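Pasting data-v9.csv here (CSV, C-alpha atoms):
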```csv
chain,number,residue,atom,x,y,z
A,1,MET,CA,-73.9,33.4,-6.3
A,2,THR,CA,-70.9,33.0,-8.7
A,3,ARG,CA,-67.1,32.8,-8.4
A,4,PRO,CA,-64.5,33.7,-11.0
A,5,ILE,CA,-62.3,31.2,-12.6
A,6,PRO,CA,-58.9,32.7,-11.7
A,7,SER,CA,-57.2,32.0,-15.0
A,8,SER,CA,-59.9,33.7,-17.1
A,9,GLY,CA,-62.1,35.8,-14.9
A,10,GLU,CA,-65.2,33.9,-16.2
A,11,GLU,CA,-67.9,33.7,-13.5
A,12,ILE,CA,-69.6,30.4,-12.8
A,13,PRO,CA,-72.2,29.5,-10.2
A,14,VAL,CA,-70.8,28.1,-7.0
A,15,VAL,CA,-73.0,25.0,-7.1
A,16,GLY,CA,-72.7,22.6,-10.1
A,17,LEU,CA,-74.0,19.1,-10.7
A,18,GLY,CA,-72.1,15.8,-10.3
A,19,SER,CA,-73.1,12.6,-12.0
A,20,TRP,CA,-71.2,9.8,-10.1
A,21,ILE,CA,-73.6,6.9,-9.4
A,22,THR,CA,-76.8,9.1,-9.7
A,23,PHE,CA,-76.7,9.4,-13.5
A,24,ASN,CA,-75.4,5.8,-14.2
A,25,VAL,CA,-78.8,4.4,-15.1
A,26,GLY,CA,-78.0,2.4,-18.3
A,27,ASP,CA,-80.6,2.6,-21.0
A,28,ASP,CA,-83.6,2.7,-18.6
A,29,THR,CA,-85.7,5.4,-20.3
A,30,GLN,CA,-87.7,6.1,-17.1
A,31,LEU,CA,-84.6,6.8,-15.1
A,32,ARG,CA,-83.0,8.8,-17.9
A,33,ASP,CA,-86.1,11.0,-18.0
A,34,GLU,CA,-85.8,11.4,-14.2
A,35,CYS,CA,-82.2,12.6,-14.7
A,36,THR,CA,-83.3,14.9,-17.4
A,37,ALA,CA,-85.8,16.5,-15.0
A,38,VAL,CA,-82.9,17.0,-12.5
A,39,MET,CA,-80.9,18.7,-15.3
A,40,GLN,CA,-83.9,20.8,-16.2
A,41,ALA,CA,-84.3,22.0,-12.6
A,42,PHE,CA,-80.6,22.6,-12.4
A,43,PHE,CA,-80.5,24.8,-15.4
A,44,ALA,CA,-83.8,26.5,-14.4
A,45,ALA,CA,-82.1,27.5,-11.1
A,46,GLY,CA,-79.2,29.0,-12.9
A,47,GLY,CA,-76.8,26.0,-12.8
A,48,ARG,CA,-74.1,25.7,-15.4
A,49,LEU,CA,-71.4,23.2,-14.6
A,50,ILE,CA,-72.1,19.5,-15.1
A,51,ASP,CA,-69.3,17.1,-14.3
A,52,SER,CA,-68.9,13.5,-15.5
A,53,SER,CA,-66.3,10.9,-16.5
A,54,PRO,CA,-65.8,7.8,-18.6
A,55,MET,CA,-65.5,6.0,-15.3
A,56,TYR,CA,-69.1,6.7,-14.4
A,57,GLY,CA,-70.7,3.9,-16.5
A,58,SER,CA,-73.5,5.3,-18.6
A,59,ALA,CA,-73.6,8.8,-16.9
A,60,GLN,CA,-72.2,10.5,-20.0
A,61,GLU,CA,-74.9,9.0,-22.2
A,62,THR,CA,-77.5,10.0,-19.7
A,63,ILE,CA,-76.2,13.6,-19.7
A,64,GLY,CA,-76.3,13.6,-23.6
A,65,TYR,CA,-79.8,12.2,-23.5
A,66,GLY,CA,-80.9,15.0,-21.1
A,67,LEU,CA,-79.1,17.8,-23.0
A,68,GLU,CA,-80.9,16.6,-26.2
A,69,LYS,CA,-84.2,16.6,-24.5
A,70,LEU,CA,-83.6,20.1,-23.1
A,71,SER,CA,-82.6,21.5,-26.5
A,72,ARG,CA,-79.0,21.8,-25.5
A,73,PRO,CA,-78.9,24.8,-23.0
A,74,GLN,CA,-76.4,27.4,-24.2
A,75,THR,CA,-75.3,28.1,-20.6
A,76,LEU,CA,-73.9,24.6,-20.1
A,77,PHE,CA,-70.4,24.4,-18.7
A,78,SER,CA,-69.4,20.9,-19.7
A,79,ALA,CA,-66.8,19.3,-17.4
A,80,ASP,CA,-65.6,15.8,-18.2
A,81,LYS,CA,-62.5,13.8,-17.7
A,82,VAL,CA,-59.9,11.6,-19.4
A,83,TRP,CA,-59.5,8.3,-17.7
A,84,ILE,CA,-57.5,5.7,-19.5
A,85,GLY,CA,-54.1,4.1,-18.7
A,86,ASP,CA,-52.8,4.2,-22.3
A,87,PRO,CA,-51.8,7.8,-23.1
A,88,GLN,CA,-52.2,7.1,-26.8
A,89,SER,CA,-55.9,6.4,-26.4
A,90,GLY,CA,-56.7,9.6,-24.6
A,91,ARG,CA,-57.8,11.6,-27.6
A,92,GLU,CA,-60.0,8.7,-28.8
A,93,GLN,CA,-61.6,8.5,-25.4
A,94,ILE,CA,-62.3,12.2,-25.4
A,95,ARG,CA,-63.9,11.9,-28.9
A,96,GLN,CA,-66.1,9.2,-27.5
A,97,SER,CA,-67.1,11.2,-24.5
A,98,GLN,CA,-68.0,14.2,-26.7
A,99,SER,CA,-70.2,11.9,-28.7
A,100,PHE,CA,-71.9,10.6,-25.6
A,101,TRP,CA,-72.6,14.2,-24.4
A,102,GLY,CA,-73.4,15.3,-28.0
A,103,VAL,CA,-71.1,18.4,-27.7
A,104,PRO,CA,-68.6,19.6,-30.2
A,105,GLN,CA,-66.0,20.2,-27.5
A,106,PHE,CA,-65.8,20.3,-23.7
A,107,THR,CA,-65.4,23.5,-21.7
A,108,LEU,CA,-63.2,21.7,-19.2
A,109,LEU,CA,-61.3,18.4,-19.3
A,110,GLN,CA,-59.6,16.9,-16.3
A,111,VAL,CA,-57.2,14.1,-15.8
A,112,HIS,CA,-59.2,11.7,-13.7
A,113,ASN,CA,-57.5,10.5,-10.5
A,114,LEU,CA,-54.1,11.5,-12.0
A,115,LEU,CA,-54.1,8.4,-14.2
A,116,SER,CA,-51.2,8.8,-16.7
A,117,TRP,CA,-51.4,12.5,-15.9
A,118,LYS,CA,-48.1,13.6,-17.5
A,119,GLU,CA,-49.1,12.3,-20.9
A,120,HIS,CA,-52.8,13.3,-20.7
A,121,LEU,CA,-52.0,16.8,-19.5
A,122,GLN,CA,-49.8,17.2,-22.5
A,123,THR,CA,-52.7,16.2,-24.8
A,124,LEU,CA,-55.1,18.6,-23.0
A,125,PHE,CA,-52.7,21.5,-23.2
A,126,GLU,CA,-52.3,20.8,-26.9
A,127,MET,CA,-56.1,20.8,-27.3
A,128,LYS,CA,-56.3,24.0,-25.4
A,129,ASP,CA,-53.7,25.7,-27.6
A,130,ALA,CA,-55.6,24.5,-30.7
A,131,GLY,CA,-58.8,26.0,-29.4
A,132,GLN,CA,-60.5,22.7,-28.9
A,133,LEU,CA,-60.8,23.1,-25.1
A,134,LYS,CA,-61.2,26.1,-22.8
A,135,TYR,CA,-59.8,24.8,-19.5
A,136,VAL,CA,-57.5,22.0,-18.3
A,137,GLY,CA,-57.6,20.3,-14.9
A,138,ILE,CA,-56.8,17.4,-12.7
A,139,THR,CA,-58.9,15.5,-10.2
A,140,THR,CA,-58.5,13.4,-7.1
A,141,SER,CA,-61.0,12.3,-4.4
A,142,GLU,CA,-61.2,11.0,-0.9
A,143,GLY,CA,-57.8,12.4,0.0
A,144,ARG,CA,-55.8,10.3,-2.4
A,145,ARG,CA,-52.3,11.3,-3.7
A,146,HIS,CA,-52.4,14.8,-2.3
A,147,SER,CA,-48.6,15.3,-2.4
A,148,GLU,CA,-48.7,14.5,-6.1
A,149,VAL,CA,-51.5,16.9,-6.6
A,150,GLU,CA,-49.5,19.6,-4.8
A,151,ASP,CA,-46.5,18.9,-7.2
A,152,ILE,CA,-48.8,19.3,-10.2
A,153,LEU,CA,-50.3,22.6,-8.8
A,154,MET,CA,-46.8,23.9,-8.4
A,155,SER,CA,-45.4,22.8,-11.8
A,156,GLN,CA,-48.2,22.7,-14.4
A,157,PRO,CA,-50.3,25.6,-15.8
A,158,ILE,CA,-53.6,24.0,-15.1
A,159,ASP,CA,-56.9,26.0,-14.7
A,160,PHE,CA,-58.8,23.6,-12.4
A,161,VAL,CA,-58.2,21.1,-9.6
A,162,GLN,CA,-60.9,18.9,-8.3
A,163,ILE,CA,-60.7,17.5,-4.8
A,164,THR,CA,-62.8,16.2,-2.0
A,165,TYR,CA,-63.7,18.8,0.7
A,166,ASN,CA,-66.4,18.9,3.2
A,167,VAL,CA,-66.9,19.8,6.9
A,168,LEU,CA,-65.2,16.6,8.0
A,169,ASP,CA,-62.7,16.0,5.2
A,170,ARG,CA,-60.6,19.2,5.5
A,171,ASP,CA,-57.1,17.9,4.7
A,172,VAL,CA,-56.9,20.0,1.6
A,173,GLU,CA,-57.2,23.3,3.5
A,174,ASP,CA,-53.6,23.6,4.7
A,175,ARG,CA,-51.8,22.9,1.4
A,176,ILE,CA,-54.0,22.4,-1.7
A,177,LEU,CA,-56.5,25.2,-1.2
A,178,ARG,CA,-53.7,27.6,-0.3
A,179,LEU,CA,-51.7,26.5,-3.3
A,180,ALA,CA,-54.7,26.8,-5.6
A,181,THR,CA,-55.2,30.4,-4.4
A,182,GLU,CA,-51.5,31.3,-4.9
A,183,ARG,CA,-51.3,29.7,-8.3
A,184,LYS,CA,-54.7,31.2,-9.4
A,185,ILE,CA,-56.3,27.7,-10.0
A,186,ALA,CA,-60.0,27.2,-9.7
A,187,VAL,CA,-61.2,24.5,-7.2
A,188,ILE,CA,-64.1,22.1,-7.8
A,189,VAL,CA,-65.2,20.2,-4.8
A,190,ASN,CA,-66.6,16.6,-5.0
A,191,ARG,CA,-68.3,14.5,-2.4
A,192,PRO,CA,-69.7,17.5,-0.5
A,193,PHE,CA,-72.0,15.2,1.5
A,194,ARG,CA,-69.7,12.1,1.6
A,195,GLN,CA,-72.1,10.5,-0.7
A,196,GLY,CA,-75.1,11.3,1.5
A,197,ASP,CA,-73.6,9.9,4.7
A,198,LEU,CA,-73.0,13.4,6.2
A,199,ILE,CA,-76.7,14.3,5.8
A,200,ALA,CA,-77.8,11.0,7.2
A,201,GLU,CA,-75.6,11.5,10.3
A,202,MET,CA,-77.0,14.9,10.9
A,203,ALA,CA,-80.6,13.9,10.4
A,204,ASP,CA,-81.5,13.7,14.1
A,205,HIS,CA,-79.7,16.9,15.1
A,206,PRO,CA,-81.0,20.5,14.8
A,207,LEU,CA,-79.3,23.0,12.6
A,208,PRO,CA,-77.0,25.5,14.5
A,209,ASP,CA,-78.9,28.6,15.5
A,210,ARG,CA,-77.0,31.2,13.6
A,211,VAL,CA,-77.0,29.2,10.3
A,212,SER,CA,-80.3,30.8,9.2
A,213,GLU,CA,-78.4,34.1,8.8
A,214,THR,CA,-76.7,32.6,5.8
A,215,GLY,CA,-79.9,31.6,4.2
A,216,ALA,CA,-79.4,27.8,4.8
A,217,LYS,CA,-82.6,26.0,5.7
A,218,THR,CA,-81.5,22.4,5.5
A,219,ARG,CA,-78.6,20.2,6.4
A,220,ALA,CA,-77.6,19.9,2.7
A,221,GLN,CA,-77.6,23.6,2.3
A,222,LEU,CA,-75.5,24.0,5.6
A,223,MET,CA,-72.9,21.6,4.2
A,224,LEU,CA,-72.8,23.3,0.9
A,225,LYS,CA,-72.6,26.8,2.5
A,226,PHE,CA,-69.7,25.6,4.5
A,227,ILE,CA,-67.8,24.5,1.4
A,228,ILE,CA,-68.5,27.5,-0.8
A,229,SER,CA,-67.7,29.8,2.1
A,230,HIS,CA,-64.0,28.9,1.7
A,231,PRO,CA,-62.6,31.6,-0.5
A,232,ALA,CA,-60.5,29.2,-2.6
A,233,VAL,CA,-63.5,27.1,-3.6
A,234,THR,CA,-64.9,27.9,-7.1
A,235,CYS,CA,-67.7,25.3,-7.3
A,236,ALA,CA,-69.1,22.4,-5.4
A,237,ILE,CA,-70.7,19.5,-7.4
A,238,PRO,CA,-73.2,17.5,-5.4
A,239,ALA,CA,-74.7,14.6,-7.3
A,240,THR,CA,-78.4,13.7,-7.1
A,241,ALA,CA,-81.1,12.0,-9.1
A,242,ASN,CA,-83.9,13.9,-7.2
A,243,VAL,CA,-85.4,17.1,-8.5
A,244,ALA,CA,-86.2,18.4,-5.0
A,245,HIS,CA,-82.6,17.8,-3.9
A,246,VAL,CA,-81.1,19.6,-6.9
A,247,GLN,CA,-83.4,22.6,-6.1
A,248,GLU,CA,-82.4,22.4,-2.5
A,249,ASN,CA,-78.7,22.3,-3.5
A,250,MET,CA,-79.1,25.3,-5.9
A,251,GLU,CA,-80.7,27.4,-3.2
A,252,ALA,CA,-77.5,27.1,-1.3
A,253,ALA,CA,-76.0,29.3,-4.0
A,254,THR,CA,-78.2,32.1,-2.8
A,255,GLY,CA,-78.0,34.3,0.3
A,256,THR,CA,-74.7,34.9,2.0
A,257,VAL,CA,-71.8,32.6,2.9
A,258,MET,CA,-70.6,31.7,6.4
A,259,ASP,CA,-68.1,33.8,8.3
A,260,PRO,CA,-65.1,32.1,9.8
A,261,ALA,CA,-66.7,32.0,13.3
A,262,LEU,CA,-69.7,30.1,12.0
A,263,ARG,CA,-67.6,27.8,9.9
A,264,LYS,CA,-65.6,26.9,13.1
A,265,ARG,CA,-68.8,26.4,15.0
A,266,THR,CA,-70.2,24.2,12.2
A,267,ILE,CA,-67.1,22.0,12.3
A,268,ASP,CA,-67.5,21.7,16.1
A,269,ASP,CA,-71.1,20.8,15.8
A,270,VAL,CA,-70.6,18.1,13.2
A,271,GLU,CA,-67.5,16.6,14.8
A,272,ASN,CA,-69.4,16.4,18.1
A,273,LEU,CA,-72.4,14.5,16.6
B,1,MET,CA,-70.8,2.9,-9.2
B,2,PHE,CA,-74.6,2.4,-9.6
B,3,SER,CA,-77.4,2.6,-7.1
B,4,PRO,CA,-79.3,-0.5,-5.9
B,5,ARG,CA,-82.5,0.9,-7.5
B,6,VAL,CA,-80.8,1.0,-10.9
B,7,PHE,CA,-79.5,-2.5,-10.5
B,8,PHE,CA,-82.8,-4.1,-9.4
B,9,ARG,CA,-84.7,-2.3,-12.2
B,10,GLN,CA,-82.2,-3.8,-14.6
B,11,ILE,CA,-82.6,-7.3,-13.2
B,12,GLU,CA,-86.4,-6.8,-13.4
B,13,SER,CA,-86.4,-5.8,-17.0
B,14,TYR,CA,-83.9,-8.6,-17.9
B,15,ASN,CA,-86.2,-11.2,-16.3
B,16,LEU,CA,-89.2,-9.7,-18.1
B,17,ALA,CA,-87.3,-9.8,-21.4
B,18,LEU,CA,-86.4,-13.5,-20.9
B,19,TRP,CA,-89.8,-14.7,-19.6
B,20,PRO,CA,-90.8,-17.5,-19.9
B,21,LEU,CA,-87.3,-18.8,-20.6
B,22,GLN,CA,-86.8,-19.2,-16.9
B,23,ILE,CA,-89.2,-22.1,-16.8
B,24,LEU,CA,-87.4,-23.7,-19.7
B,25,MET,CA,-84.1,-23.2,-17.9
B,26,LEU,CA,-85.4,-24.9,-14.7
B,27,LEU,CA,-86.5,-27.9,-16.9
B,28,VAL,CA,-83.1,-28.0,-18.5
B,29,GLY,CA,-81.5,-28.0,-15.0
B,30,VAL,CA,-83.6,-30.9,-13.9
B,31,GLY,CA,-82.9,-32.7,-17.1
B,32,LEU,CA,-79.2,-32.3,-16.7
B,33,VAL,CA,-79.3,-33.7,-13.1
B,34,CYS,CA,-81.4,-36.6,-14.3
B,35,LEU,CA,-79.0,-37.3,-17.1
B,36,LEU,CA,-76.1,-37.5,-14.7
B,37,ALA,CA,-78.0,-39.5,-12.2
B,38,ARG,CA,-78.9,-42.2,-14.7
B,39,ALA,CA,-75.3,-42.3,-16.1
B,40,ARG,CA,-76.3,-42.5,-19.7
B,41,PRO,CA,-73.6,-42.8,-22.4
B,42,ASN,CA,-72.1,-39.4,-23.3
B,43,ALA,CA,-74.1,-37.8,-20.4
B,44,SER,CA,-71.2,-35.8,-19.1
B,45,ARG,CA,-70.4,-34.6,-22.6
B,46,ILE,CA,-74.0,-33.4,-23.2
B,47,VAL,CA,-74.1,-31.7,-19.8
B,48,ALA,CA,-70.8,-29.9,-20.4
B,49,THR,CA,-72.0,-28.8,-23.8
B,50,VAL,CA,-75.3,-27.5,-22.5
B,51,LEU,CA,-73.5,-25.7,-19.6
B,52,ALA,CA,-71.1,-24.1,-22.0
B,53,ALA,CA,-73.9,-22.8,-24.1
B,54,LEU,CA,-75.6,-21.4,-21.0
B,55,TRP,CA,-72.4,-19.8,-19.9
B,56,LEU,CA,-72.1,-18.1,-23.3
B,57,LEU,CA,-75.8,-17.0,-23.1
B,58,VAL,CA,-75.4,-15.4,-19.6
B,59,GLY,CA,-72.1,-13.8,-20.6
B,60,TRP,CA,-73.6,-12.3,-23.7
B,61,ALA,CA,-77.2,-11.6,-22.8
B,62,TYR,CA,-76.6,-10.3,-19.3
B,63,LEU,CA,-73.0,-9.3,-18.6
B,64,TRP,CA,-72.1,-8.0,-22.0
B,65,SER,CA,-75.5,-6.7,-23.2
B,66,ARG,CA,-77.0,-5.4,-19.9
B,67,LEU,CA,-74.8,-5.1,-16.9
B,68,SER,CA,-71.9,-3.6,-18.8
B,69,SER,CA,-74.0,-0.5,-19.4
B,70,ILE,CA,-73.8,0.4,-15.7
B,71,ASN,CA,-70.6,-1.4,-14.8
B,72,TRP,CA,-67.7,-1.4,-17.2
B,73,ALA,CA,-66.0,-4.2,-15.3
B,74,ALA,CA,-68.8,-6.5,-16.5
B,75,THR,CA,-67.2,-6.7,-19.9
B,76,TYR,CA,-64.2,-8.4,-18.3
B,77,ALA,CA,-66.6,-10.7,-16.5
B,78,ALA,CA,-68.3,-11.5,-19.8
B,79,CYS,CA,-64.9,-12.5,-21.3
B,80,GLY,CA,-64.4,-14.7,-18.2
B,81,PHE,CA,-67.7,-16.4,-18.9
B,82,VAL,CA,-66.6,-17.1,-22.5
B,83,ALA,CA,-63.4,-18.6,-21.1
B,84,GLN,CA,-65.4,-20.7,-18.8
B,85,ALA,CA,-67.5,-22.0,-21.7
B,86,ILE,CA,-64.4,-22.9,-23.6
B,87,LEU,CA,-63.0,-24.8,-20.6
B,88,LEU,CA,-66.3,-26.7,-20.2
B,89,LEU,CA,-66.0,-27.8,-23.8
B,90,ALA,CA,-62.2,-28.4,-23.6
B,91,VAL,CA,-62.6,-30.7,-20.5
B,92,GLN,CA,-64.5,-33.1,-22.8
B,93,VAL,CA,-61.6,-33.6,-25.2
B,94,ILE,CA,-58.9,-33.8,-22.6
B,95,PRO,CA,-58.1,-37.3,-21.4
B,96,ARG,CA,-59.2,-37.7,-17.7
B,97,ARG,CA,-58.2,-40.0,-14.9
B,98,THR,CA,-60.6,-42.8,-14.3
B,99,GLY,CA,-62.5,-42.8,-11.0
B,100,ALA,CA,-64.3,-39.9,-9.3
B,101,SER,CA,-62.4,-37.6,-6.9
B,102,LEU,CA,-64.1,-37.6,-3.5
B,103,ALA,CA,-62.9,-34.1,-2.8
B,104,GLY,CA,-64.2,-32.9,-6.2
B,105,GLY,CA,-67.6,-34.6,-5.6
B,106,PHE,CA,-67.9,-33.0,-2.2
B,107,ALA,CA,-67.0,-29.5,-3.6
B,108,GLY,CA,-69.6,-30.1,-6.4
B,109,LEU,CA,-72.3,-30.9,-3.8
B,110,ILE,CA,-71.5,-27.7,-1.9
B,111,VAL,CA,-71.7,-25.6,-5.0
B,112,MET,CA,-74.9,-27.2,-6.0
B,113,ALA,CA,-76.4,-26.8,-2.6
B,114,VAL,CA,-75.5,-23.1,-2.6
B,115,ALA,CA,-76.9,-22.6,-6.1
B,116,VAL,CA,-80.2,-24.4,-5.3
B,117,LEU,CA,-80.8,-23.6,-1.7
B,118,ILE,CA,-79.0,-20.4,-0.7
B,119,TYR,CA,-78.7,-18.2,-3.8
B,120,PRO,CA,-82.4,-18.1,-4.6
B,121,GLY,CA,-83.1,-17.1,-1.0
B,122,LEU,CA,-80.6,-14.2,-0.9
B,123,SER,CA,-83.2,-11.6,-2.1
B,124,LEU,CA,-85.6,-12.8,0.6
B,125,ILE,CA,-82.9,-12.4,3.2
B,126,ALA,CA,-82.2,-8.9,1.8
B,127,GLY,CA,-85.8,-8.0,2.3
B,128,ARG,CA,-87.0,-8.3,-1.3
B,129,ASP,CA,-90.0,-10.4,-2.1
B,130,TRP,CA,-90.5,-12.7,-5.1
B,131,GLU,CA,-93.0,-10.5,-6.9
B,132,LEU,CA,-92.2,-7.5,-9.1
B,133,ARG,CA,-92.7,-4.5,-7.0
B,134,LYS,CA,-93.9,-1.1,-8.1
B,135,SER,CA,-91.7,0.5,-5.5
B,136,SER,CA,-88.7,-0.5,-7.6
B,137,ALA,CA,-90.1,1.2,-10.6
```
Represent the structure of the file as structure tokens.
Amino acid sequence: MTRPIPSSGEEIPVVGLGSWITFNVGDDTQLRDECTAVMQAFFAAGGRLIDSSPMYGSAQETIGYGLEKLSRPQTLFSADKVWIGDPQSGREQIRQSQSFWGVPQFTLLQVHNLLSWKEHLQTLFEMKDAGQLKYVGITTSEGRRHSEVEDILMSQPIDFVQITYNVLDRDVEDRILRLATERKIAVIVNRPFRQGDLIAEMADHPLPDRVSETGAKTRAQLMLKFIISHPAVTCAIPATANVAHVQENMEAATGTVMDPALRKRTIDDVENL
Amino acid sequence: MFSPRVFFRQIESYNLALWPLQILMLLVGVGLVCLLARARPNASRIVATVLAALWLLVGWAYLWSRLSSINWAATYAACGFVAQAILLLAVQVIPRRTGASLAGGFAGLIVMAVAVLIYPGLSLIAGRDWELRKSSA
């Protein structure tokens, strides 16, 4: 299952791969190899978008290690971020991030958590104009600074916005997701499982009866189906260091999505746990 | 920022890389306490110099060289350890008041008790045993 990036029409799979915590493994070769296996399973299942940040410790280096081991898959959609308070250091940080990934340029660069966003966006737009970057975006998470995000969506010609959205964190539905649709901005969704807490909370409860109609077989797939069923969402990026889990996540990108009635029932079911 | 599994594997590999330096460090610790207890000339100067060296060692070998790979904030902590080492050396050249401070001595005893009695037991309280475990591998 793919969705178009509104600004270009390019189709990308609706499930990507995050790297927060899970890929921050330092120089531990065994753990790096495990992350490489996760990336291999991700690409084998048709995945493309991998997301990281300079804030994620050694995650960028782990991704670079994995890409090298996997002979640099041509289908990679590399999404990284600029995260530094000093605007003058943005380009240098981006160069370092490219070096860690081992890529000549990123597909998407986002201003992480709106840090120095005015100056960094200027840099990213210049890079895009110079052909050094395909897409520009901003990120926030856990509901922070939404009114500022809305202002940026309204005023800046960005291609992507990354926000937290899941069955319990739905604040973005009323404004940000609607604005993104109106402004033709792609939406990346982080923390789809609330860092695993949602799955843990649901562990002792059966899946809703009708959910099997969508092809979801597990709680993780149910949560991902809920997210990608929203028409404004372009891609959800669950993070994992487990091959079985990445395969499970990628399966959520097959079958059908939820209709509004099932989405409503899923919300009720989870809120009543 | 990093998972417990990654952290404990890093601690494990750090300890393996240092082994058997831990034994030597225990002996150094006992030696420093004996030195202070017997009130030899220049004892406090020797103790402070050795502690400064150890602060530098931990700051460089662990915080800077290891932990910073999974936690960027550790680089700042490493700088703090260097500052602490400098302070330990500086205190030896700054003229001091004569006579021990009762409050300072009590605080020192508490810090030592925590370091010797409580801190080593934290991993046991957290459910981890003393031995290297394959489950963490």
Can you tell me which residues surround range 15-28 of chain B at a distance of at most 12 Å, considering only C-alpha atoms, apart from same-chain residues fewer than 3 positions away, and format the answer as an NGL selection string?
:B and (8-12 or 31-35 or 46-47 or 50-51 or 53-54 or 57-58 or 61-62 or 66 or 116 or 131-132)
Residue nearest Pro4 in chain A among A:Pro231, A:Gly255, A:Pro157, A:Gly64 (counting only C-alpha atoms):
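Smallest distance to Pro4 in chain A is found for A:Pro231.
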Can you list every residue of chain B that has an atom at most 7 Å from chain A, with its nearest atom pair and the distance in Å to one decimal, using all atoms listed in the file, ordered by chain then number, as CSV?
```
residue,atom,partner,partner_atom,distance
B:Met1,CA,A:Ile21,CA,4.9
B:Phe2,CA,A:Ile21,CA,4.6
B:Ser3,CA,A:Ile21,CA,6.2
B:Val6,CA,A:Val25,CA,5.8
B:Ser69,CA,A:Gly26,CA,5.1
B:Ile70,CA,A:Gly57,CA,4.7
B:Asn71,CA,A:Gly57,CA,5.6
B:Trp72,CA,A:Gly57,CA,6.1
```
Could you list, as a ChimeraX atom specification, every residue within 7 Å of Phe125 in chain A, counting all atoms listed in the file and ignoring same-chain residues fewer than 4 positions away?
/A:121,129,136
Give me the residues within 8 Å of range 74-76 of chain B as an MDAnalysis selection string, counting only C-alpha atoms and dropping any in the same chain fewer than 5 places off.
chainID B and resid 63:64 67:68
What gap, in Å, lies between CA of Gly18 in chain A and CA of Leu76 in chain A?
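Computed distance, CA of Gly18 in chain A to CA of Leu76 in chain A, equals 13.3 Å.
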Length of the CA of Ala44 in chain A to CA of Gly196 in chain A vector [Å]:
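Rounded to one decimal, the two atoms are 23.7 Å apart.
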Contacts of Met250 in chain A at 9 Å or less, counting only C-alpha atoms, minus same-chain residues fewer than 6 places along, as a list in words?
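Listing them by chain and then by number gives Val14, Val15, Gly16, Phe42, Ala45, Gly46, Gly47 and Gln221 of chain A.
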Go through A:Ala41, A:Ile84, A:Ile176, A:Ile188 and flag the residue nearest Thr139 in chain A, using only C-alpha atoms for the distances.
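Checking each candidate against Thr139 in chain A, we get A:Ile188 as the closest.
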Between CA of Ile158 in chain A and CA of Glu173 in chain A, what is the distance in Å, rounded to a tenth?
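Going from CA of Ile158 in chain A over to CA of Glu173 in chain A covers 19.0 Å.
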Please provide as a ChimeraX atom specification all residues within 9 Å of Glu148 in chain A, with the sequence filter that same-chain residues fewer than 4 positions apart are discarded (counting all atoms listed in the file).
/A:114,152-153
Within-9 Å shell of (-70.0, 21.8, -13.5) in input frame, all atoms listed in the file, as an MDAnalysis selection string:
chainID A and resid 12:13 15:18 47:52 76:80 108 188 235:237
Written file, previous selection with C-alpha atoms, as a PDB file, in the frame of the given file:
```
ATOM      1  CA  ILE A  12     -69.600  30.400 -12.800  1.00  0.00           C
ATOM      2  CA  PRO A  13     -72.200  29.500 -10.200  1.00  0.00           C
ATOM      3  CA  VAL A  15     -73.000  25.000  -7.100  1.00  0.00           C
ATOM      4  CA  GLY A  16     -72.700  22.600 -10.100  1.00  0.00           C
ATOM      5  CA  LEU A  17     -74.000  19.100 -10.700  1.00  0.00           C
ATOM      6  CA  GLY A  18     -72.100  15.800 -10.300  1.00  0.00           C
ATOM      7  CA  GLY A  47     -76.800  26.000 -12.800  1.00  0.00           C
ATOM      8  CA  ARG A  48     -74.100  25.700 -15.400  1.00  0.00           C
ATOM      9  CA  LEU A  49     -71.400  23.200 -14.600  1.00  0.00           C
ATOM     10  CA  ILE A  50     -72.100  19.500 -15.100  1.00  0.00           C
ATOM     11  CA  ASP A  51     -69.300  17.100 -14.300  1.00  0.00           C
ATOM     12  CA  SER A  52     -68.900  13.500 -15.500  1.00  0.00           C
ATOM     13  CA  LEU A  76     -73.900  24.600 -20.100  1.00  0.00           C
ATOM     14  CA  PHE A  77     -70.400  24.400 -18.700  1.00  0.00           C
ATOM     15  CA  SER A  78     -69.400  20.900 -19.700  1.00  0.00           C
ATOM     16  CA  ALA A  79     -66.800  19.300 -17.400  1.00  0.00           C
ATOM     17  CA  ASP A  80     -65.600  15.800 -18.200  1.00  0.00           C
ATOM     18  CA  LEU A 108     -63.200  21.700 -19.200  1.00  0.00           C
ATOM     19  CA  ILE A 188     -64.100  22.100  -7.800  1.00  0.00           C
ATOM     20  CA  CYS A 235     -67.700  25.300  -7.300  1.00  0.00           C
ATOM     21  CA  ALA A 236     -69.100  22.400  -5.400  1.00  0.00           C
ATOM     22  CA  ILE A 237     -70.700  19.500  -7.400  1.00  0.00           C
TER      23      ILE A 237
END
```
